[in-house]
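J.: Handing you this structure, nothing more for now.
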Amino acid sequence: QVHLVESGGGSVQAGGSLKLSCAVSGSIPSYCRPGWYRQAAGKERELVSYISIDATTSYLDSVKGRFTISQDKDKKILYLQMNNLKTEDTAVYYCFVCWAQGTPKYWGQGTQVTVHS
């Protein structure tokens, strides 16, 4: 069984930074990609960033240059460093492992990120 627990969300002024963490436990298939997605109120889910099997990283266009995904494989923690936050980044952020056909297979409970002007 796979469990993911996010932390690090909060309220920040536009231009500020937050770092999200996600502790992962359980047995994860080797083919699974870890990452983050978000969902703002009344909007569809957005895939924010993920790490591919070959360790390359991918980002949603609107966060490129501002967000950085990383992981500590030994500690099984996934991170998302978010800089120069914008009000449109306000959403609940979820970490996940395994993403296929637009749907995560395992995900956490989410952490709220609110960016105010």
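Ordering of the structure tokens sets the chain letters (A, B, ...); residue numbers start at 1 within each chain; ligands are numbered from 1 in the order shown.
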Would you pick out the contacts of Asn83 of chain A at 8 Å or less, using only C-alpha atoms, so that residues sharing its chain but fewer than 6 positions from it are not included, and give the list as a PyMOL selection string?
T.: chain A and resi 15-18+66-67
J.: If we count only C-alpha atoms, what is near segment 47-52 of chain A at a cut-off of 7 Å, once residues fewer than 4 positions away on the same chain are taken out, given as an NGL selection string?
T.: :A and (33-38 or 56-60 or 69)
J.: For the strand (DSSP E or B) assignment from backbone DSSP, which residues of chain A qualify? Please present them as a PyMOL selection string.
T.: chain A and resi 3-7+10-13+18-25+34-39+46-51+57-59+67-72+77-82+91-100+103-107+111-116
J.: Could you give me, as CSV, every segment 30-110 of chain A residue with an atom at most 10 Å from segment 9-12 of chain A, plus its closest atom pair and distance in Å to one decimal, counting only C-alpha atoms, rows ordered by chain then number?
T.:
```
residue,atom,partner,partner_atom,distance
A:Leu85,CA,A:Val12,CA,8.1
A:Lys86,CA,A:Val12,CA,9.4
A:Thr87,CA,A:Val12,CA,9.4
A:Thr90,CA,A:Ser11,CA,9.0
A:Ala91,CA,A:Gly9,CA,9.9
A:Val92,CA,A:Gly9,CA,8.6
A:Tyr93,CA,A:Gly9,CA,8.1
A:Gly110,CA,A:Gly9,CA,8.9
```
J.: Which residue is closest to Gln81 of chain A? Choose from A:Ile28, A:Val63, A:Cys98, A:Val115 and count only C-alpha atoms.
T.: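 Checking each of A:Ile28, A:Val63, A:Cys98, A:Val115 against Gln81 of chain A, counting only C-alpha atoms, the winner is A:Val63.
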J.: Between atom CA of Ile53 of chain A and atom CA of Ser30 of chain A, measure the distance and give it in Å to one decimal.
T.: 8.1 Å
J.: With only C-alpha atoms as the basis for distance, which of A:Leu80, A:Ala55, A:Val2, A:Cys95 is at the shortest distance from Gln109 of chain A?
T.: A:Cys95
J.: For a test of reading the model, state the distance in Å between atom CA of Asp89 of chain A and atom CA of Lys43 of chain A, rounded to one decimal.
T.: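 Straight-line distance from atom CA of Asp89 of chain A to atom CA of Lys43 of chain A works out to 12.1 Å.
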J.: Please identify the helix (DSSP H, G or I) residues within chain A (assignment by DSSP from backbone atoms) and present them as a ChimeraX atom specification.
T.: /A:61-63,87-89
J.: Find the distance between atom CA of Gly8 of chain A and atom CA of Tyr79 of chain A and write it in Å to one decimal.
T.: 9.6 Å
J.: Could you give me, as a compact mmCIF listing (two decimals) with N, CA and C atoms, in the first residue's frame, the residues within 12 Å of Ser27 of chain A, counting only C-alpha atoms and dropping anything in the same chain fewer than 4 positions from it?
T.:
```txt
# COMPACT_ATOMS: atom_id res chain seq x y z
N GLN A 1 0.85 -1.19 0.00
CA GLN A 1 0.00 0.00 0.00
C GLN A 1 0.89 1.24 0.00
N VAL A 2 0.51 2.21 -0.80
CA VAL A 2 1.31 3.43 -0.94
C VAL A 2 0.62 4.58 -0.22
N HIS A 3 1.38 5.30 0.58
CA HIS A 3 0.85 6.48 1.28
C HIS A 3 1.71 7.68 0.96
N LEU A 4 1.07 8.80 0.74
CA LEU A 4 1.76 10.05 0.47
C LEU A 4 1.20 11.13 1.39
N TYR A 31 8.38 1.65 -12.49
CA TYR A 31 8.02 2.41 -13.69
C TYR A 31 7.25 3.68 -13.37
N CYS A 32 6.93 3.88 -12.09
CA CYS A 32 6.09 5.03 -11.72
C CYS A 32 6.88 6.33 -11.67
N LYS A 76 12.88 8.98 0.54
CA LYS A 76 11.58 8.86 -0.12
C LYS A 76 10.75 10.11 0.11
N VAL A 97 2.28 9.47 -7.25
CA VAL A 97 3.17 8.55 -7.95
C VAL A 97 2.32 7.77 -8.93
N TYR A 106 -1.74 7.00 -7.28
CA TYR A 106 -1.63 7.21 -5.84
C TYR A 106 -1.39 8.70 -5.61
```
J.: Under the rule that only C-alpha atoms are counted, which of A:Val113, A:Ala40, A:Cys22, A:Ala100 is the nearest residue to Ser70 of chain A?
T.: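 Ranked by minimum distance to Ser70 of chain A, first place goes to A:Cys22.
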J.: So, with only C-alpha atoms as the atoms that count, which of A:Ser62, A:Ser7, A:Thr114, A:Gln71 lies closest to Leu20 of chain A?
T.: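 Using only C-alpha atoms, the shortest distance to Leu20 of chain A belongs to A:Ser7.
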